[in-house]
file coords_24.txt (compact mmCIF, C-alpha atoms and all ligand atoms)
# COMPACT_ATOMS: atom_id res chain seq x y z
CA MET I 1 71.20 45.51 147.19
CA LEU I 2 71.69 47.46 150.40
CA VAL I 3 74.94 46.60 152.08
CA HIS I 4 75.89 49.44 154.34
CA GLU I 5 73.96 50.45 157.41
CA SER I 6 73.16 54.10 157.73
CA PRO I 7 70.53 56.34 159.26
CA THR I 8 68.84 56.47 155.88
CA LYS I 9 68.32 52.75 155.67
CA LYS I 10 64.57 53.04 155.97
CA GLU I 11 64.36 55.84 153.47
CA ARG I 12 66.70 54.50 150.86
CA ARG I 13 66.22 52.33 147.87
CA GLY I 14 64.96 49.47 149.99
CA ASN I 15 61.65 49.66 148.21
CA ALA I 16 63.00 50.61 144.82
CA ASN I 17 61.34 48.64 142.08
CA SER I 18 63.14 47.20 139.12
CA GLN I 19 62.09 50.08 136.89
CA GLU I 20 63.65 52.58 139.28
CA LEU I 21 66.85 50.60 139.52
CA ARG I 22 67.04 50.36 135.73
CA ALA I 23 66.92 54.14 135.58
CA LEU I 24 69.98 54.30 137.84
CA LEU I 25 72.04 51.78 135.89
CA PRO I 26 73.55 54.24 133.37
CA PHE I 27 74.85 56.27 136.31
CA TYR I 28 76.71 53.33 137.83
CA GLU I 29 78.05 52.37 134.41
CA PHE I 30 79.38 55.89 134.08
CA ILE I 31 81.03 55.73 137.51
CA ASP I 32 82.68 52.42 136.52
CA SER I 33 83.92 54.06 133.33
CA THR I 34 85.90 56.70 135.26
CA LYS I 35 88.50 54.08 136.14
CA GLY I 36 91.89 55.22 134.86
CA LYS I 37 90.36 58.42 133.44
CA LYS I 38 90.95 62.02 134.37
CA THR I 39 87.68 62.95 136.02
CA GLY I 40 86.24 66.29 137.08
CA ILE I 41 83.09 67.22 138.96
CA PHE I 42 81.32 70.49 138.16
CA HIS I 43 79.01 71.24 141.05
CA HIS I 44 76.79 74.21 141.82
CA THR I 45 78.31 76.73 144.26
CA ASP I 46 75.38 76.68 146.73
CA PRO I 47 75.11 74.42 149.83
CA ASP I 48 73.36 71.66 147.88
CA GLY I 49 75.88 71.79 145.05
CA MET I 50 78.81 71.67 147.48
CA SER I 51 77.19 68.81 149.36
CA SER I 52 76.51 66.68 146.29
CA GLY I 53 79.86 67.47 144.66
CA ILE I 54 81.77 66.32 147.72
CA ILE I 55 79.76 63.10 148.12
CA LEU I 56 80.05 62.16 144.43
CA SER I 57 83.77 62.89 144.65
CA ARG I 58 84.05 60.19 147.29
CA LEU I 59 82.22 57.75 145.02
CA VAL I 60 84.48 58.51 142.05
CA GLN I 61 87.51 58.12 144.31
CA SER I 62 86.41 54.61 145.20
CA THR I 63 86.64 53.72 141.49
CA THR I 64 89.62 55.76 140.31
CA GLY I 65 91.66 55.67 143.52
CA LYS I 66 92.20 59.40 143.03
CA LYS I 67 90.37 62.52 144.16
CA PRO I 68 88.63 63.99 141.14
CA GLU I 69 89.06 67.74 140.69
CA LEU I 70 86.10 69.74 142.05
CA TYR I 71 84.94 72.73 140.00
CA PRO I 72 82.44 74.91 141.85
CA THR I 73 80.26 76.36 139.10
CA SER I 74 77.72 79.18 139.20
CA TYR I 75 74.98 79.76 136.65
CA SER I 76 76.91 82.74 135.32
CA ASP I 77 79.89 80.40 134.81
CA VAL I 78 77.55 78.23 132.74
CA GLN I 79 76.63 81.27 130.63
CA LYS I 80 80.30 82.08 130.09
CA GLU I 81 80.96 78.54 128.84
CA THR I 82 83.32 77.94 131.75
CA ILE I 83 82.52 74.22 131.83
CA THR I 84 83.59 73.65 128.22
CA LYS I 85 86.68 75.82 128.66
CA LEU I 86 87.83 73.98 131.80
CA ILE I 87 87.19 70.56 130.26
CA ARG I 88 89.43 71.51 127.36
CA LYS I 89 92.10 73.21 129.44
CA ASN I 90 92.39 70.35 131.92
CA LYS I 91 91.84 67.60 129.35
CA LEU I 92 89.08 66.01 131.41
CA GLU I 93 88.09 62.62 130.06
CA LYS I 94 85.08 62.09 132.32
CA VAL I 95 82.87 64.80 133.74
CA ILE I 96 80.04 64.77 136.25
CA ILE I 97 77.81 67.84 136.45
CA VAL I 98 75.71 68.07 139.58
CA ASP I 99 72.93 70.39 140.79
CA ILE I 100 73.07 72.47 137.61
CA ALA I 101 70.15 72.19 135.18
CA ILE I 102 72.45 72.14 132.18
CA ASP I 103 69.93 70.07 130.19
CA GLU I 104 67.86 73.22 129.86
CA GLN I 105 70.36 74.48 127.29
CA LYS I 106 70.76 72.06 124.41
CA ILE I 107 73.36 74.22 122.69
CA ARG I 108 75.62 73.97 125.73
CA THR I 109 75.15 70.26 126.30
CA GLU I 110 75.99 69.63 122.66
CA LYS I 111 79.21 71.61 123.09
CA ILE I 112 80.13 69.64 126.20
CA SER I 113 79.40 66.37 124.38
CA LYS I 114 81.90 67.37 121.70
CA GLU I 115 84.60 67.77 124.38
CA THR I 116 84.12 64.82 126.67
CA SER I 117 81.94 62.07 128.10
CA TRP I 118 79.70 63.47 130.83
CA PHE I 119 76.83 62.72 133.17
CA LEU I 120 74.29 64.99 134.84
CA VAL I 121 72.89 64.41 138.34
CA ASP I 122 70.24 67.00 139.10
CA HIS I 123 66.90 67.68 140.79
CA HIS I 124 65.52 70.60 138.84
CA GLU I 125 62.89 70.18 136.15
CA LEU I 126 63.69 67.57 133.55
CA TYR I 127 64.09 69.73 130.49
CA ASN I 128 65.76 67.39 128.01
CA ASP I 129 66.01 63.76 128.93
CA SER I 130 68.80 61.52 127.76
CA LYS I 131 70.71 58.47 128.95
CA ASN I 132 73.37 60.56 130.68
CA VAL I 133 70.87 62.44 132.84
CA ILE I 134 69.36 61.34 136.11
CA LYS I 135 66.83 63.32 138.04
CA PRO I 136 64.30 62.11 140.65
CA GLN I 137 61.60 62.19 137.95
CA LYS I 138 63.30 59.09 136.51
CA PHE I 139 63.71 56.98 139.63
CA SER I 140 61.55 58.23 142.49
CA ASP I 141 58.04 59.29 143.46
CA ILE I 142 59.47 62.07 145.58
CA PRO I 143 58.99 65.48 143.93
CA ALA I 144 62.28 66.55 142.37
CA SER I 145 62.36 69.85 144.23
CA SER I 146 62.12 68.02 147.60
CA TYR I 147 64.96 65.67 146.72
CA PRO I 148 68.12 67.78 146.98
CA CYS I 149 71.20 66.67 145.07
CA GLY I 150 73.10 66.19 148.34
CA LYS I 151 70.62 63.48 149.31
CA ILE I 152 70.53 61.99 145.79
CA ALA I 153 74.33 61.78 145.82
CA TYR I 154 74.27 60.19 149.26
CA ASP I 155 71.68 57.62 148.21
CA LEU I 156 73.51 56.83 144.97
CA ALA I 157 76.88 56.49 146.67
CA SER I 158 75.41 54.39 149.50
CA GLN I 159 74.68 51.61 147.02
CA LYS I 160 78.39 51.20 146.36
CA ILE I 161 80.41 52.46 149.30
CA ASP I 162 80.05 53.37 152.94
CA VAL I 163 79.43 57.11 153.02
CA THR I 164 77.85 57.23 156.47
CA LYS I 165 80.57 59.63 157.64
CA LEU I 166 79.26 62.08 155.05
CA ASP I 167 75.68 62.02 156.36
CA TRP I 168 76.09 65.54 157.75
CA VAL I 169 77.36 66.72 154.36
CA ALA I 170 74.18 65.33 152.77
CA CYS I 171 72.20 67.28 155.39
CA LEU I 172 73.75 70.53 154.11
CA GLY I 173 72.05 69.92 150.77
CA ILE I 174 68.78 69.04 152.47
CA ILE I 175 68.78 72.15 154.67
CA GLY I 176 70.01 74.43 151.90
CA ASP I 177 67.58 73.22 149.27
CA PHE I 178 63.98 72.68 150.45
CA GLY I 179 64.37 69.10 151.64
CA ILE I 180 63.69 69.47 155.36
CA GLN I 181 60.12 68.19 155.40
CA GLN I 182 60.79 65.31 153.06
CA TRP I 183 63.91 64.12 154.90
CA LYS I 184 62.91 64.87 158.47
CA THR I 185 63.80 61.40 159.75
CA PHE I 186 67.20 61.44 158.11
CA LEU I 187 67.95 64.85 159.64
CA GLU I 188 66.71 63.83 163.08
CA GLU I 189 68.72 60.60 163.06
CA THR I 190 71.86 62.36 161.91
CA TYR I 191 71.56 65.06 164.61
CA LYS I 192 70.95 62.37 167.20
CA LYS I 193 74.01 60.42 166.07
CA TYR I 194 76.29 63.44 166.63
CA ARG I 195 74.33 64.71 169.63
CA TRP I 196 73.61 68.07 168.02
CA GLU I 197 70.77 70.24 169.15
CA THR I 198 67.83 70.27 166.73
CA LYS I 199 65.51 73.21 166.26
CA GLU I 200 62.31 73.58 164.34
CA LYS I 201 64.16 75.89 162.00
CA TYR I 202 67.17 73.86 160.88
CA PHE I 203 68.73 77.05 159.57
CA GLU I 204 69.35 77.98 163.19
CA THR I 205 71.32 74.80 163.96
CA ILE I 206 74.98 74.00 163.48
CA LEU I 207 74.50 72.80 159.89
CA GLY I 208 72.44 75.91 159.16
CA ASP I 209 75.52 77.89 160.17
CA VAL I 210 77.60 75.97 157.63
CA CYS I 211 74.95 76.64 154.95
CA LYS I 212 75.08 80.36 155.76
CA LEU I 213 78.86 80.30 155.49
CA ILE I 214 78.64 78.62 152.07
CA THR I 215 76.04 81.12 150.85
CA SER I 216 78.18 84.06 151.97
CA ILE I 217 81.35 82.77 150.33
CA GLU I 218 79.34 81.97 147.20
CA ALA I 219 78.26 85.62 147.18
CA THR I 220 81.84 86.86 146.89
CA ASN I 221 82.01 85.37 143.36
CA ASP I 222 85.63 84.65 144.25
CA ILE I 223 86.27 81.24 142.79
CA LYS I 224 89.44 80.72 144.83
CA LYS I 225 87.61 81.29 148.09
CA ILE I 226 84.68 79.12 147.01
CA LYS I 227 87.02 76.32 146.04
CA LYS I 228 88.92 76.68 149.30
CA LEU I 229 85.69 76.26 151.23
CA SER I 230 84.69 73.17 149.27
CA LEU I 231 88.07 71.61 150.09
CA ILE I 232 87.68 72.53 153.78
CA ILE I 233 84.28 70.82 153.92
CA GLU I 234 85.59 67.83 151.98
CA ASP I 235 88.44 67.31 154.43
CA ALA I 236 86.56 68.19 157.60
CA GLU I 237 85.51 65.52 160.05
CA SER I 238 82.77 67.73 161.44
CA PRO I 239 80.87 70.99 160.83
CA GLN I 240 82.60 72.48 163.89
CA GLU I 241 85.86 72.18 162.01
CA VAL I 242 84.40 74.02 159.01
CA LEU I 243 83.12 76.85 161.21
CA LYS I 244 86.61 77.48 162.56
CA SER I 245 87.72 78.63 159.13
CA PRO I 246 88.98 82.22 158.75
CA LEU I 247 86.46 82.53 155.91
CA LYS I 248 83.88 83.23 158.66
CA LYS I 249 85.03 86.89 158.69
CA ILE I 250 83.91 87.37 155.10
CA GLN I 251 80.47 86.10 156.05
CA GLU I 252 79.92 89.04 158.40
CA ALA I 253 80.65 91.58 155.67
CA VAL I 254 78.37 89.83 153.19
CA GLU I 255 75.49 89.51 155.65
CA LYS I 256 75.65 93.21 156.38
CA GLU I 257 75.13 93.98 152.68
CA ILE I 258 72.29 91.45 152.45
CA ASN I 259 70.44 93.15 155.32
CA ARG I 260 70.90 96.54 153.70
CA GLU I 261 69.53 95.37 150.34
CA VAL I 262 66.55 93.64 151.97
CA ALA I 263 65.65 96.87 153.75
CA THR I 264 65.93 98.86 150.49
CA ALA I 265 63.79 96.36 148.58
CA GLU I 266 61.10 96.37 151.24
CA LYS I 267 60.62 100.10 150.76
CA ASN I 268 59.40 99.24 147.26
CA THR I 269 56.88 96.61 148.25
CA LYS I 270 53.87 96.46 145.93
CA ASN I 271 50.53 94.89 146.69
CA ASN I 272 51.33 91.51 145.21
CA TYR I 273 55.01 91.55 144.48
CA ILE I 274 58.44 92.97 145.15
CA TYR I 275 60.76 93.75 142.26
CA ALA I 276 64.22 94.79 143.38
CA GLU I 277 67.41 95.66 141.57
CA VAL I 278 70.18 94.61 143.89
CA LYS I 279 73.41 96.58 143.72
CA SER I 280 76.31 95.21 145.68
CA LYS I 281 79.88 94.08 145.06
CA TYR I 282 78.69 90.73 146.33
CA ASN I 283 76.36 88.45 144.43
CA ILE I 284 73.57 88.51 146.98
CA LYS I 285 70.41 88.51 144.87
CA GLY I 286 69.68 84.87 145.86
CA PRO I 287 69.86 85.37 149.64
CA VAL I 288 68.02 88.71 149.32
CA SER I 289 65.25 86.92 147.40
CA THR I 290 65.10 84.12 149.92
CA ILE I 291 64.79 86.47 152.90
CA LEU I 292 62.17 88.61 151.13
CA GLY I 293 60.29 85.42 150.19
CA VAL I 294 60.23 84.13 153.74
CA LYS I 295 59.10 87.51 155.09
CA ASN I 296 56.46 87.94 152.36
CA PRO I 297 55.12 84.44 151.61
CA ASN I 298 52.11 85.78 149.71
CA LYS I 299 54.04 87.97 147.33
CA THR I 300 56.06 87.08 144.25
CA ILE I 301 59.65 88.19 144.70
CA VAL I 302 61.94 89.02 141.79
CA THR I 303 65.44 90.42 142.16
CA ALA I 304 67.89 91.34 139.45
CA SER I 305 71.56 92.19 139.55
CA TYR I 306 74.06 93.08 136.86
CA GLU I 307 77.22 91.11 136.31
CA ASP I 308 79.44 91.04 133.26
CA LYS I 309 77.02 91.75 130.39
CA PHE I 310 74.18 89.80 131.98
CA TYR I 311 71.40 90.52 134.42
CA ASN I 312 71.01 87.65 136.83
CA ILE I 313 67.49 87.05 138.04
CA SER I 314 66.27 85.37 141.20
CA SER I 315 62.66 84.71 142.09
CA ARG I 316 60.63 83.26 144.98
CA ARG I 317 57.00 82.52 145.78
CA GLN I 318 56.73 80.91 149.15
CA ASP I 319 52.98 80.05 149.23
CA GLY I 320 53.15 78.16 145.94
CA LYS I 321 50.33 80.12 144.34
CA TYR I 322 52.41 80.83 141.24
CA SER I 323 55.26 78.82 139.80
CA VAL I 324 58.21 81.18 139.54
CA SER I 325 60.21 78.70 137.44
CA GLU I 326 57.40 78.93 134.85
CA LEU I 327 57.24 82.69 135.26
CA ILE I 328 60.95 83.15 134.56
CA ASN I 329 61.20 80.47 131.89
CA SER I 330 58.14 81.76 129.99
CA LEU I 331 60.08 84.99 129.39
CA THR I 332 63.68 83.80 129.11
CA ARG I 333 62.93 81.11 126.54
CA LYS I 334 61.91 83.84 124.11
CA ILE I 335 65.12 85.84 124.65
CA PRO I 336 68.27 84.89 122.71
CA GLY I 337 71.13 83.90 125.04
CA ALA I 338 68.93 83.95 128.14
CA MET I 339 68.23 81.06 130.46
CA GLY I 340 65.85 80.51 133.32
CA GLY I 341 64.05 77.98 135.44
CA GLY I 342 64.43 76.07 138.67
CA HIS I 343 61.80 75.08 141.18
CA PRO I 344 58.15 76.20 141.41
CA ASN I 345 58.85 78.18 144.60
CA ALA I 346 62.41 79.30 143.83
CA ALA I 347 63.90 79.97 140.45
CA GLY I 348 66.52 82.00 138.70
CA GLY I 349 67.89 82.93 135.35
CA SER I 350 70.00 85.32 133.39
CA VAL I 351 69.25 87.78 130.64
CA PRO I 352 71.74 89.47 128.29
CA GLU I 353 72.14 93.15 129.13
CA LYS I 354 70.58 94.40 125.90
CA TYR I 355 67.30 92.56 126.53
CA TYR I 356 67.01 93.41 130.21
CA GLU I 357 64.78 96.49 130.01
CA LYS I 358 62.25 94.60 127.90
CA PHE I 359 62.41 91.61 130.26
CA LYS I 360 61.81 93.92 133.21
CA LYS I 361 58.83 95.60 131.55
CA ASP I 362 57.30 92.25 130.57
CA ILE I 363 57.76 90.59 133.94
CA ILE I 364 56.33 93.56 135.85
CA LYS I 365 53.30 93.44 133.55
CA ILE I 366 52.74 89.82 134.60
CA LEU I 367 53.50 90.54 138.26
CA GLU I 368 50.83 93.25 138.28
CA THR I 369 48.26 90.50 137.60
CA HIS I 370 49.50 88.32 140.48
CA GLU I 371 47.35 88.24 143.58
MN MN I 401 70.03 71.91 144.47
call {"tool": "encode", "arguments": {"input": "coords_24.txt", "output": "structure tokens"}}
result
Amino acid sequence: MLVHESPTKKERRGNANSQELRALLPFYEFIDSTKGKKTGIFHHTDPDGMSSGIILSRLVQSTTGKKPELYPTSYSDVQKETITKLIRKNKLEKVIIVDIAIDEQKIRTEKISKETSWFLVDHHELYNDSKNVIKPQKFSDIPASSYPCGKIAYDLASQKIDVTKLDWVACLGIIGDFGIQQWKTFLEETYKKYRWETKEKYFETILGDVCKLITSIEATNDIKKIKKLSLIIEDAESPQEVLKSPLKKIQEAVEKEINREVATAEKNTKNNYIYAEVKSKYNIKGPVSTILGVKNPNKTIVTASYEDKFYNISSRRQDGKYSVSELINSLTRKIPGAMGGGHPNAAGGSVPEKYYEKFKKDIIKILETHE
């Protein structure tokens, strides 16, 4: 099965059993079916989404001979039905959705199914299983949250084509999305191959810098800039090339706002939790949550920010004592038009404006009981 040598050789499907391989078959059938079809990839806007979108693009290209269109997609885009609208507008015949837990919302997946033939590659909870969904739960013993989409995409593509030049792109997903411990060997071998300095905190290495750049550009909510960055990474031979981009200037402005909001939130620290309403022209609730989570591992962090009729929620619990995906989902699933979920230690969601005050009251009530 394994043809191409790569640093992941040891960690790849070498020991996959027939049941695991059977689970992957519908994916490869879907890739084969893109031949001669107009194909688009909707990928999450964060480092892991960028990473997996770019790698899967390369795999589709090997079948279609053409670069599929990349559509960076945020969770608020999902709420606004952007995926369905773009499929229709661009007459996409085949669609891959990656690093977005779209299966959580049956109403939306049904709408997408009416428009086109699609496939989901994801590593969040498996909400609604079907043939056109693969998540680690279906083919691996590795916990889904430790198996970033960038690495899944790399492993899937490696079965068919040589993607070893994209190993550093896969590392962006690993570093950006909780995969460092699980994929330590892969990271170490990749850094060794390019002679990059490794540090205990991979966020402080060269690929960490690229992740920070992605997160900052993501925070601008400016789809043109986000798309530009995804194309820069796709075409770049190295992370150094990405870091030369003029988009770096925007990063400085965004990071300044993040630091300000973290400081404001910390003034409101409660015994067991921090609840912060983040107000900024940038969409920085995610990074603010992450920083607060790292600094306060024993507290539950929830941040909320308003955008276009919705409140977007982000939550963290570093020590794993409470599952924040359950916390958020237990509330959002009872609210019409809301969504929520993610990983046990990092989750998010969105709540329609008119239900926000009730959501806030209810979640604070629960947070008060958290130790
Ligand atoms: Mn991810």
call {"tool": "residues_near_point", "arguments": {"input": "coords_24.txt", "point": "(73.1, 88.7, 148.8)", "cutoff": "7 Å", "atoms": "all atoms listed in the file", "output": "list in words"}}
result
Ala219, Val254, Glu257, Ile258, Tyr282, Asn283, Ile284, Lys285, Gly286, Pro287 and Val288 of chain I
call {"tool": "write_last_selection", "arguments": {"input": "coords_24.txt", "atoms": "C-alpha atoms", "output": "PDB file, keeping the file's coordinate frame"}}
result
ATOM      1  CA  ALA I 219      78.260  85.620 147.180  1.00  0.00           C
ATOM      2  CA  VAL I 254      78.370  89.830 153.190  1.00  0.00           C
ATOM      3  CA  GLU I 257      75.130  93.980 152.680  1.00  0.00           C
ATOM      4  CA  ILE I 258      72.290  91.450 152.450  1.00  0.00           C
ATOM      5  CA  TYR I 282      78.690  90.730 146.330  1.00  0.00           C
ATOM      6  CA  ASN I 283      76.360  88.450 144.430  1.00  0.00           C
ATOM      7  CA  ILE I 284      73.570  88.510 146.980  1.00  0.00           C
ATOM      8  CA  LYS I 285      70.410  88.510 144.870  1.00  0.00           C
ATOM      9  CA  GLY I 286      69.680  84.870 145.860  1.00  0.00           C
ATOM     10  CA  PRO I 287      69.860  85.370 149.640  1.00  0.00           C
ATOM     11  CA  VAL I 288      68.020  88.710 149.320  1.00  0.00           C
TER      12      VAL I 288
END
call {"tool": "closest_atom_pairs", "arguments": {"input": "coords_24.txt", "of": "chain I", "to": "ligand MN 401 (chain I)", "cutoff": "7 Å", "atoms": "all atoms listed in the file", "output": "Markdown table"}}
result
| residue | atom | partner | partner_atom | distance |
| --- | --- | --- | --- | --- |
| I:Asp48 | CA | I:MN401 | MN | 4.8 |
| I:Gly49 | CA | I:MN401 | MN | 5.9 |
| I:Asp99 | CA | I:MN401 | MN | 4.9 |
| I:His123 | CA | I:MN401 | MN | 6.4 |
| I:Pro148 | CA | I:MN401 | MN | 5.2 |
| I:Cys149 | CA | I:MN401 | MN | 5.4 |
| I:Gly173 | CA | I:MN401 | MN | 6.9 |
| I:Asp177 | CA | I:MN401 | MN | 5.5 |
call {"tool": "atom_distance", "arguments": {"input": "coords_24.txt", "atom1": "CA of Gly341 (chain I)", "atom2": "CA of Ile100 (chain I)"}}
result
10.8 Å
call {"tool": "residues_near_point", "arguments": {"input": "coords_24.txt", "point": "(86.5, 59.9, 129.3)", "cutoff": "8 Å", "atoms": "all atoms listed in the file", "output": "PyMOL selection string"}}
result
chain I and resi 33-34+37-39+92-95+116-118
call {"tool": "residues_around", "arguments": {"input": "coords_24.txt", "residues": "Gly337 (chain I)", "least_positions_apart": "4", "cutoff": "10 Å", "atoms": "all atoms listed in the file", "output": "MDAnalysis selection string"}}
result
chainID I and resid 79 105 310 332:333 350:352 355
call {"tool": "closest_residue", "arguments": {"input": "coords_24.txt", "among": "I:Lys111, I:Lys227, I:Lys192, I:Lys138", "to": "Tyr71 (chain I)", "atoms": "all atoms listed in the file"}}
result
I:Lys227
call {"tool": "residues_around", "arguments": {"input": "coords_24.txt", "residues": "Glu266 (chain I)", "least_positions_apart": "4", "cutoff": "10 Å", "atoms": "all atoms listed in the file", "output": "short mmCIF file (atom, residue, chain, number, x, y, z; two decimals) with C-alpha atoms, keeping the file's coordinate frame"}}
result
data_model
loop_
_atom_site.label_atom_id
_atom_site.label_comp_id
_atom_site.auth_asym_id
_atom_site.auth_seq_id
_atom_site.Cartn_x
_atom_site.Cartn_y
_atom_site.Cartn_z
CA GLU I 261 69.53 95.37 150.34
CA VAL I 262 66.55 93.64 151.97
CA LYS I 270 53.87 96.46 145.93
CA ILE I 274 58.44 92.97 145.15
CA TYR I 275 60.76 93.75 142.26
CA ALA I 276 64.22 94.79 143.38
CA LEU I 292 62.17 88.61 151.13
CA LYS I 295 59.10 87.51 155.09
CA ASN I 296 56.46 87.94 152.36
#
call {"tool": "closest_residue", "arguments": {"input": "coords_24.txt", "among": "I:Lys67, I:Lys151, I:Lys201, I:Lys131", "to": "Glu29 (chain I)", "atoms": "all atoms listed in the file"}}
result
I:Lys131
call {"tool": "residues_around", "arguments": {"input": "coords_24.txt", "residues": "Val133 (chain I)", "least_positions_apart": "5", "cutoff": "7 Å", "atoms": "only C-alpha atoms", "output": "PyMOL selection string"}}
result
chain I and resi 119-121
call {"tool": "atom_distance", "arguments": {"input": "coords_24.txt", "atom1": "CA of Ser230 (chain I)", "atom2": "CA of Ala346 (chain I)"}}
result
23.7 Å
call {"tool": "atom_distance", "arguments": {"input": "coords_24.txt", "atom1": "CA of Ser216 (chain I)", "atom2": "CA of Tyr356 (chain I)"}}
result
26.2 Å
call {"tool": "closest_residue", "arguments": {"input": "coords_24.txt", "among": "I:Met50, I:His44, I:Ile55, I:Lys35", "to": "Val78 (chain I)", "atoms": "all atoms listed in the file"}}
result
I:His44
call {"tool": "closest_residue", "arguments": {"input": "coords_24.txt", "among": "I:Leu59, I:Val278, I:Leu21, I:Ile226", "to": "Ser74 (chain I)", "atoms": "all atoms listed in the file"}}
result
I:Ile226
call {"tool": "residues_around", "arguments": {"input": "coords_24.txt", "residues": "Ser146 (chain I)", "least_positions_apart": "2", "cutoff": "10 Å", "atoms": "all atoms listed in the file", "output": "tab-separated table (two decimals) with C-alpha atoms, in the coordinates of the input"}}
result
chain	number	residue	atom	x	y	z
I	123	HIS	CA	66.90	67.68	140.79
I	124	HIS	CA	65.52	70.60	138.84
I	136	PRO	CA	64.30	62.11	140.65
I	142	ILE	CA	59.47	62.07	145.58
I	143	PRO	CA	58.99	65.48	143.93
I	144	ALA	CA	62.28	66.55	142.37
I	148	PRO	CA	68.12	67.78	146.98
I	149	CYS	CA	71.20	66.67	145.07
I	151	LYS	CA	70.62	63.48	149.31
I	174	ILE	CA	68.78	69.04	152.47
I	177	ASP	CA	67.58	73.22	149.27
I	178	PHE	CA	63.98	72.68	150.45
I	179	GLY	CA	64.37	69.10	151.64
I	180	ILE	CA	63.69	69.47	155.36
I	181	GLN	CA	60.12	68.19	155.40
I	182	GLN	CA	60.79	65.31	153.06
I	183	TRP	CA	63.91	64.12	154.90
I	343	HIS	CA	61.80	75.08	141.18
call {"tool": "closest_residue", "arguments": {"input": "coords_24.txt", "among": "I:Ala347, I:Ala338, I:Ile102, I:Leu156", "to": "Ser315 (chain I)", "atoms": "all atoms listed in the file"}}
result
I:Ala347
call {"tool": "residues_around", "arguments": {"input": "coords_24.txt", "residues": "Arg317 (chain I)", "least_positions_apart": "3", "cutoff": "8 Å", "atoms": "only C-alpha atoms", "output": "ChimeraX atom specification"}}
result
/I:293,297-301,320-324,344-346
call {"tool": "closest_residue", "arguments": {"input": "coords_24.txt", "among": "I:Tyr127, I:Glu255, I:Ser325, I:Glu69", "to": "Glu218 (chain I)", "atoms": "all atoms listed in the file"}}
result
I:Glu255
call {"tool": "axis_aligned_box", "arguments": {"input": "coords_24.txt", "around": "region 183-200 of chain I", "padding_each_side": "3 Å", "output": "AutoDock Vina command-line options"}}
result
--center_x 69.3 --center_y 67.0 --center_z 162.3 --size_x 20.0 --size_y 19.2 --size_z 20.7
